[in-house]
file start.pdb (PDB, C-alpha atoms, pLDDT in the B column)
ATOM      1  CA  MET A   1       0.000   0.000   0.000  1.00 41.00           C
ATOM      2  CA  MET A   2       1.457   3.367  -1.026  1.00 40.00           C
ATOM      3  CA  LYS A   3       1.552   6.120   1.537  1.00 38.00           C
ATOM      4  CA  GLU A   4       0.384   9.554   0.410  1.00 42.00           C
ATOM      5  CA  VAL A   5       2.909  12.299   0.931  1.00 39.00           C
ATOM      6  CA  ASN A   6       1.839  15.903   1.414  1.00 38.00           C
ATOM      7  CA  LEU A   7       4.657  17.799  -0.287  1.00 43.00           C
ATOM      8  CA  GLN A   8       3.276  21.157   0.882  1.00 46.00           C
ATOM      9  CA  ALA A   9       3.880  20.159   4.516  1.00 47.00           C
ATOM     10  CA  SER A  10       7.305  18.746   3.757  1.00 57.00           C
ATOM     11  CA  THR A  11      10.139  21.153   4.417  1.00 85.00           C
ATOM     12  CA  VAL A  12      13.860  20.627   4.409  1.00 90.00           C
ATOM     13  CA  ASP A  13      15.453  21.144   7.817  1.00 94.00           C
ATOM     14  CA  VAL A  14      18.934  21.442   9.229  1.00 95.00           C
ATOM     15  CA  ASP A  15      20.610  18.313  10.601  1.00 95.00           C
ATOM     16  CA  ARG A  16      19.120  18.268  14.097  1.00 95.00           C
ATOM     17  CA  GLU A  17      21.755  15.666  15.148  1.00 96.00           C
ATOM     18  CA  ALA A  18      24.705  17.833  14.071  1.00 97.00           C
ATOM     19  CA  PRO A  19      27.172  18.880  16.796  1.00 97.00           C
ATOM     20  CA  VAL A  20      26.786  22.549  15.799  1.00 97.00           C
ATOM     21  CA  ILE A  21      23.456  24.289  15.222  1.00 97.00           C
ATOM     22  CA  VAL A  22      23.097  28.081  15.310  1.00 98.00           C
ATOM     23  CA  ASP A  23      19.657  29.683  15.316  1.00 97.00           C
ATOM     24  CA  LEU A  24      19.272  33.492  14.986  1.00 98.00           C
ATOM     25  CA  SER A  25      16.651  36.082  14.004  1.00 97.00           C
ATOM     26  CA  ILE A  26      16.545  39.775  13.173  1.00 98.00           C
ATOM     27  CA  GLU A  27      13.708  42.170  12.431  1.00 98.00           C
ATOM     28  CA  ILE A  28      14.198  44.222   9.277  1.00 98.00           C
ATOM     29  CA  ASN A  29      12.153  47.345   8.557  1.00 98.00           C
ATOM     30  CA  ALA A  30      11.856  46.764   4.815  1.00 98.00           C
ATOM     31  CA  ALA A  31       9.315  45.105   2.555  1.00 97.00           C
ATOM     32  CA  PRO A  32       9.668  41.308   2.528  1.00 97.00           C
ATOM     33  CA  GLU A  33      10.099  41.389  -1.276  1.00 97.00           C
ATOM     34  CA  ILE A  34      13.110  43.726  -0.943  1.00 97.00           C
ATOM     35  CA  VAL A  35      14.761  41.539   1.694  1.00 98.00           C
ATOM     36  CA  TRP A  36      14.071  38.413  -0.372  1.00 98.00           C
ATOM     37  CA  LYS A  37      15.520  39.991  -3.539  1.00 97.00           C
ATOM     38  CA  ILE A  38      18.720  41.019  -1.754  1.00 98.00           C
ATOM     39  CA  GLN A  39      19.135  37.630  -0.052  1.00 98.00           C
ATOM     40  CA  THR A  40      18.456  35.540  -3.160  1.00 97.00           C
ATOM     41  CA  ASP A  41      20.377  37.640  -5.700  1.00 97.00           C
ATOM     42  CA  ILE A  42      23.353  35.389  -4.995  1.00 97.00           C
ATOM     43  CA  GLU A  43      25.709  36.862  -7.578  1.00 97.00           C
ATOM     44  CA  GLN A  44      25.347  40.270  -5.902  1.00 97.00           C
ATOM     45  CA  TRP A  45      26.376  39.021  -2.443  1.00 97.00           C
ATOM     46  CA  PRO A  46      29.946  40.352  -2.764  1.00 97.00           C
ATOM     47  CA  THR A  47      28.563  43.878  -3.321  1.00 97.00           C
ATOM     48  CA  TRP A  48      27.000  44.039   0.148  1.00 97.00           C
ATOM     49  CA  GLN A  49      28.868  41.391   2.165  1.00 95.00           C
ATOM     50  CA  LYS A  50      32.546  42.197   2.645  1.00 92.00           C
ATOM     51  CA  ASP A  51      33.307  38.612   3.774  1.00 91.00           C
ATOM     52  CA  ILE A  52      32.122  37.125   0.460  1.00 95.00           C
ATOM     53  CA  SER A  53      34.675  37.583  -2.312  1.00 95.00           C
ATOM     54  CA  GLU A  54      32.847  35.712  -5.068  1.00 96.00           C
ATOM     55  CA  ALA A  55      29.430  34.159  -5.786  1.00 97.00           C
ATOM     56  CA  ARG A  56      28.222  32.472  -8.977  1.00 97.00           C
ATOM     57  CA  LEU A  57      24.830  30.825  -9.444  1.00 96.00           C
ATOM     58  CA  SER A  58      24.417  28.145 -12.131  1.00 89.00           C
ATOM     59  CA  GLY A  59      20.782  28.488 -13.210  1.00 91.00           C
ATOM     60  CA  PRO A  60      17.774  30.059 -11.521  1.00 95.00           C
ATOM     61  CA  VAL A  61      17.080  30.302  -7.797  1.00 96.00           C
ATOM     62  CA  ALA A  62      15.393  26.893  -7.781  1.00 95.00           C
ATOM     63  CA  VAL A  63      15.701  23.474  -6.183  1.00 95.00           C
ATOM     64  CA  GLU A  64      18.840  21.640  -7.407  1.00 94.00           C
ATOM     65  CA  SER A  65      20.531  24.815  -8.694  1.00 96.00           C
ATOM     66  CA  VAL A  66      24.135  25.077  -7.517  1.00 97.00           C
ATOM     67  CA  PHE A  67      26.045  28.178  -6.541  1.00 97.00           C
ATOM     68  CA  HIS A  68      29.769  28.514  -5.919  1.00 97.00           C
ATOM     69  CA  TRP A  69      30.940  31.127  -3.471  1.00 96.00           C
ATOM     70  CA  GLU A  70      33.924  32.081  -1.395  1.00 94.00           C
ATOM     71  CA  THR A  71      33.804  33.454   2.138  1.00 90.00           C
ATOM     72  CA  HIS A  72      36.782  33.988   4.455  1.00 83.00           C
ATOM     73  CA  GLY A  73      38.929  32.260   1.805  1.00 84.00           C
ATOM     74  CA  LEU A  74      36.759  29.123   1.949  1.00 86.00           C
ATOM     75  CA  LYS A  75      35.414  27.942  -1.422  1.00 91.00           C
ATOM     76  CA  ILE A  76      31.919  26.462  -1.091  1.00 93.00           C
ATOM     77  CA  ALA A  77      29.568  24.744  -3.540  1.00 95.00           C
ATOM     78  CA  SER A  78      26.007  24.938  -2.241  1.00 97.00           C
ATOM     79  CA  THR A  79      22.918  23.263  -3.679  1.00 96.00           C
ATOM     80  CA  ILE A  80      19.529  24.900  -3.242  1.00 96.00           C
ATOM     81  CA  ARG A  81      17.265  22.359  -1.563  1.00 96.00           C
ATOM     82  CA  GLU A  82      14.020  24.290  -1.107  1.00 96.00           C
ATOM     83  CA  VAL A  83      12.518  27.568  -2.330  1.00 96.00           C
ATOM     84  CA  VAL A  84       9.237  29.141  -1.264  1.00 95.00           C
ATOM     85  CA  PRO A  85       9.395  32.620  -2.839  1.00 95.00           C
ATOM     86  CA  VAL A  86       9.541  35.493  -0.344  1.00 96.00           C
ATOM     87  CA  ARG A  87       9.097  32.980   2.541  1.00 96.00           C
ATOM     88  CA  ARG A  88      11.877  30.368   2.690  1.00 96.00           C
ATOM     89  CA  ILE A  89      15.105  29.196   1.071  1.00 97.00           C
ATOM     90  CA  VAL A  90      17.337  26.279   2.068  1.00 97.00           C
ATOM     91  CA  TRP A  91      20.779  25.414   0.740  1.00 97.00           C
ATOM     92  CA  GLY A  92      23.639  23.225   1.777  1.00 96.00           C
ATOM     93  CA  GLY A  93      26.774  21.429   0.806  1.00 93.00           C
ATOM     94  CA  PRO A  94      30.265  20.377   1.818  1.00 92.00           C
ATOM     95  CA  ALA A  95      33.322  22.567   2.416  1.00 90.00           C
ATOM     96  CA  LEU A  96      36.635  21.263   3.801  1.00 89.00           C
ATOM     97  CA  GLY A  97      34.989  18.297   5.510  1.00 94.00           C
ATOM     98  CA  ILE A  98      32.119  20.349   6.960  1.00 94.00           C
ATOM     99  CA  GLU A  99      28.603  19.501   5.797  1.00 95.00           C
ATOM    100  CA  GLY A 100      26.404  22.550   6.234  1.00 96.00           C
ATOM    101  CA  ILE A 101      22.653  22.970   5.861  1.00 96.00           C
ATOM    102  CA  HIS A 102      21.315  26.519   5.965  1.00 96.00           C
ATOM    103  CA  VAL A 103      17.616  27.385   6.383  1.00 97.00           C
ATOM    104  CA  TRP A 104      16.294  30.941   5.943  1.00 97.00           C
ATOM    105  CA  ASN A 105      12.706  31.889   6.839  1.00 97.00           C
ATOM    106  CA  PHE A 106      11.103  35.278   6.103  1.00 97.00           C
ATOM    107  CA  THR A 107       8.018  36.170   8.159  1.00 97.00           C
ATOM    108  CA  PRO A 108       6.169  39.393   7.290  1.00 96.00           C
ATOM    109  CA  THR A 109       5.407  41.828  10.109  1.00 96.00           C
ATOM    110  CA  PRO A 110       3.399  45.070  10.100  1.00 96.00           C
ATOM    111  CA  THR A 111       6.656  47.024   9.614  1.00 95.00           C
ATOM    112  CA  GLY A 112       8.743  44.651   7.530  1.00 97.00           C
ATOM    113  CA  VAL A 113       9.985  41.110   8.012  1.00 97.00           C
ATOM    114  CA  ILE A 114      11.594  38.845  10.592  1.00 97.00           C
ATOM    115  CA  VAL A 115      14.475  36.911   9.054  1.00 98.00           C
ATOM    116  CA  HIS A 116      15.161  33.684  10.940  1.00 97.00           C
ATOM    117  CA  THR A 117      18.203  31.626  10.030  1.00 97.00           C
ATOM    118  CA  THR A 118      19.250  28.207  11.272  1.00 97.00           C
ATOM    119  CA  GLU A 119      22.401  26.447  10.155  1.00 97.00           C
ATOM    120  CA  SER A 120      23.847  23.070  11.091  1.00 97.00           C
ATOM    121  CA  TRP A 121      27.426  21.923  10.665  1.00 97.00           C
ATOM    122  CA  ASP A 122      28.671  18.345  10.865  1.00 97.00           C
ATOM    123  CA  GLY A 123      31.828  16.502   9.865  1.00 97.00           C
ATOM    124  CA  PRO A 124      35.273  15.705  11.292  1.00 97.00           C
ATOM    125  CA  PRO A 125      36.471  19.338  11.674  1.00 96.00           C
ATOM    126  CA  VAL A 126      33.282  20.177  13.577  1.00 97.00           C
ATOM    127  CA  ALA A 127      33.525  17.107  15.828  1.00 97.00           C
ATOM    128  CA  ALA A 128      37.137  18.067  16.629  1.00 97.00           C
ATOM    129  CA  ASP A 129      36.193  21.562  17.885  1.00 97.00           C
ATOM    130  CA  PRO A 130      32.417  22.017  18.268  1.00 98.00           C
ATOM    131  CA  ASP A 131      32.685  25.061  20.558  1.00 98.00           C
ATOM    132  CA  GLY A 132      35.111  26.884  18.268  1.00 97.00           C
ATOM    133  CA  MET A 133      33.062  25.993  15.190  1.00 96.00           C
ATOM    134  CA  ARG A 134      29.815  27.120  16.882  1.00 97.00           C
ATOM    135  CA  ALA A 135      31.415  30.459  17.797  1.00 97.00           C
ATOM    136  CA  ALA A 136      32.704  30.954  14.239  1.00 95.00           C
ATOM    137  CA  LEU A 137      29.327  30.119  12.703  1.00 96.00           C
ATOM    138  CA  ALA A 138      27.417  32.339  15.150  1.00 97.00           C
ATOM    139  CA  SER A 139      29.737  35.256  14.454  1.00 96.00           C
ATOM    140  CA  SER A 140      29.381  34.783  10.692  1.00 94.00           C
ATOM    141  CA  LEU A 141      25.581  34.568  10.811  1.00 96.00           C
ATOM    142  CA  GLU A 142      25.271  37.576  13.146  1.00 97.00           C
ATOM    143  CA  ALA A 143      27.357  39.612  10.685  1.00 96.00           C
ATOM    144  CA  TRP A 144      25.293  38.353   7.712  1.00 97.00           C
ATOM    145  CA  LEU A 145      21.992  39.306   9.385  1.00 98.00           C
ATOM    146  CA  ALA A 146      23.277  42.725  10.432  1.00 98.00           C
ATOM    147  CA  VAL A 147      24.488  43.625   6.934  1.00 98.00           C
ATOM    148  CA  LEU A 148      21.305  42.208   5.354  1.00 98.00           C
ATOM    149  CA  LYS A 149      19.308  44.513   7.650  1.00 98.00           C
ATOM    150  CA  THR A 150      21.438  47.553   6.810  1.00 98.00           C
ATOM    151  CA  THR A 151      21.338  46.842   3.063  1.00 98.00           C
ATOM    152  CA  ALA A 152      17.578  46.156   2.942  1.00 98.00           C
ATOM    153  CA  GLU A 153      16.608  49.142   5.085  1.00 98.00           C
ATOM    154  CA  ALA A 154      18.759  51.427   2.900  1.00 97.00           C
ATOM    155  CA  ALA A 155      17.026  50.033  -0.221  1.00 94.00           C
ATOM    156  CA  ASN A 156      13.498  50.285   1.231  1.00 85.00           C
TER     157      ASN A 156
END
call {"tool": "encode", "arguments": {"input": "start.pdb", "output": "structure tokens"}}
result
Amino acid sequence: MMKEVNLQASTVDVDREAPVIVDLSIEINAAPEIVWKIQTDIEQWPTWQKDISEARLSGPVAVESVFHWETHGLKIASTIREVVPVRRIVWGGPALGIEGIHVWNFTPTPTGVIVHTTESWDGPPVAADPDGMRAALASSLEAWLAVLKTTAEAAN
């Protein structure tokens, strides 16, 4: 007997068993569409994020599209795993033995949007130094959210 699957209810999540999970939110006083456009215009990331030196998307912002980017000297190939326009995007992939999964949710508010990001890291380098890796990831995501807020509010 085949089981019915409700794809609408199915969402990709971070690896909840990973040794490092960072979960952060920020409220941005800009239209959700503006924040979404800035966040998902991957090739423009280096123009507003000083830590990203390069970003190239192969194809549209869609499930299975791959983008190659470099941050802090680390070259990463990420695959988009889920897209719900103006609401949610998930990507992930390996980099130097670290397997990352990154979930972004965009929730409209009366004055803009709450951006909630959760990222998990697993792999040998993470297992060797979970506290250091967690601190590095938290710092990176805090910086990303802060500059996303500044960029979106300036564009609003």
call {"tool": "residues_near_point", "arguments": {"input": "start.pdb", "point": "(7.4, 33.8, 1.5)", "cutoff": "12 Å", "atoms": "all atoms listed in the file", "output": "CSV table (one decimal) with C-alpha atoms, in the frame of the given file"}}
result
chain,number,residue,atom,x,y,z
A,31,ALA,CA,9.3,45.1,2.6
A,32,PRO,CA,9.7,41.3,2.5
A,33,GLU,CA,10.1,41.4,-1.3
A,34,ILE,CA,13.1,43.7,-0.9
A,35,VAL,CA,14.8,41.5,1.7
A,36,TRP,CA,14.1,38.4,-0.4
A,37,LYS,CA,15.5,40.0,-3.5
A,82,GLU,CA,14.0,24.3,-1.1
A,83,VAL,CA,12.5,27.6,-2.3
A,84,VAL,CA,9.2,29.1,-1.3
A,85,PRO,CA,9.4,32.6,-2.8
A,86,VAL,CA,9.5,35.5,-0.3
A,87,ARG,CA,9.1,33.0,2.5
A,88,ARG,CA,11.9,30.4,2.7
A,89,ILE,CA,15.1,29.2,1.1
A,104,TRP,CA,16.3,30.9,5.9
A,105,ASN,CA,12.7,31.9,6.8
A,106,PHE,CA,11.1,35.3,6.1
A,107,THR,CA,8.0,36.2,8.2
A,108,PRO,CA,6.2,39.4,7.3
A,109,THR,CA,5.4,41.8,10.1
A,113,VAL,CA,10.0,41.1,8.0
A,114,ILE,CA,11.6,38.8,10.6
A,115,VAL,CA,14.5,36.9,9.1
call {"tool": "atom_distance", "arguments": {"input": "start.pdb", "atom1": "atom CA of A:Ala77", "atom2": "atom CA of A:Gly93"}}
result
6.1 Å
call {"tool": "closest_residue", "arguments": {"input": "start.pdb", "among": "A:Val103, A:Ile80, A:Leu96, A:Ile52", "to": "A:Ala143", "atoms": "only C-alpha atoms"}}
result
A:Ile52
call {"tool": "closest_residue", "arguments": {"input": "start.pdb", "among": "A:Thr47, A:Asn156, A:Thr79, A:Thr117", "to": "A:Glu142", "atoms": "all atoms listed in the file"}}
result
A:Thr117
call {"tool": "resolve_selection", "arguments": {"input": "start.pdb", "expression": "the PyMOL selection byres ((chain A and resi 101) around 8)", "output": "MDAnalysis selection string"}}
result
chainID A and resid 13:15 90:93 99:100 102:103 119:121
call {"tool": "closest_residue", "arguments": {"input": "start.pdb", "among": "A:Ile38, A:Val147, A:Val20, A:Ala55", "to": "A:Pro124", "atoms": "only C-alpha atoms"}}
result
A:Val20
call {"tool": "atom_distance", "arguments": {"input": "start.pdb", "atom1": "atom CA of A:Gly123", "atom2": "atom CA of A:Glu64"}}
result
22.2 Å
call {"tool": "resolve_selection", "arguments": {"input": "start.pdb", "expression": "the PyMOL selection byres ((chain A and resi 71) around 9)", "output": "PyMOL selection string"}}
result
chain A and resi 50-54+69-70+72-76
call {"tool": "atom_distance", "arguments": {"input": "start.pdb", "atom1": "atom CA of A:Gly132", "atom2": "atom CA of A:Asp23"}}
result
16.0 Å
call {"tool": "residues_around", "arguments": {"input": "start.pdb", "residues": "A:Gly59", "least_positions_apart": "3", "cutoff": "12 Å", "atoms": "only C-alpha atoms", "output": "list of chain:residue names"}}
result
A:Asp41, A:Ile42, A:Glu43, A:Arg56, A:Ala62, A:Val63, A:Glu64, A:Ser65, A:Val66, A:Phe67, A:His68, A:Thr79, A:Ile80
call {"tool": "closest_residue", "arguments": {"input": "start.pdb", "among": "A:Ala152, A:Ala95, A:Val12, A:Val22", "to": "A:Ser140", "atoms": "only C-alpha atoms"}}
result
A:Val22
call {"tool": "closest_residue", "arguments": {"input": "start.pdb", "among": "A:Thr111, A:Val126, A:Ile98, A:Thr11", "to": "A:Arg81", "atoms": "all atoms listed in the file"}}
result
A:Thr11
call {"tool": "closest_residue", "arguments": {"input": "start.pdb", "among": "A:Lys149, A:Gln44, A:Ser78, A:Gly97", "to": "A:Ala128", "atoms": "all atoms listed in the file"}}
result
A:Gly97
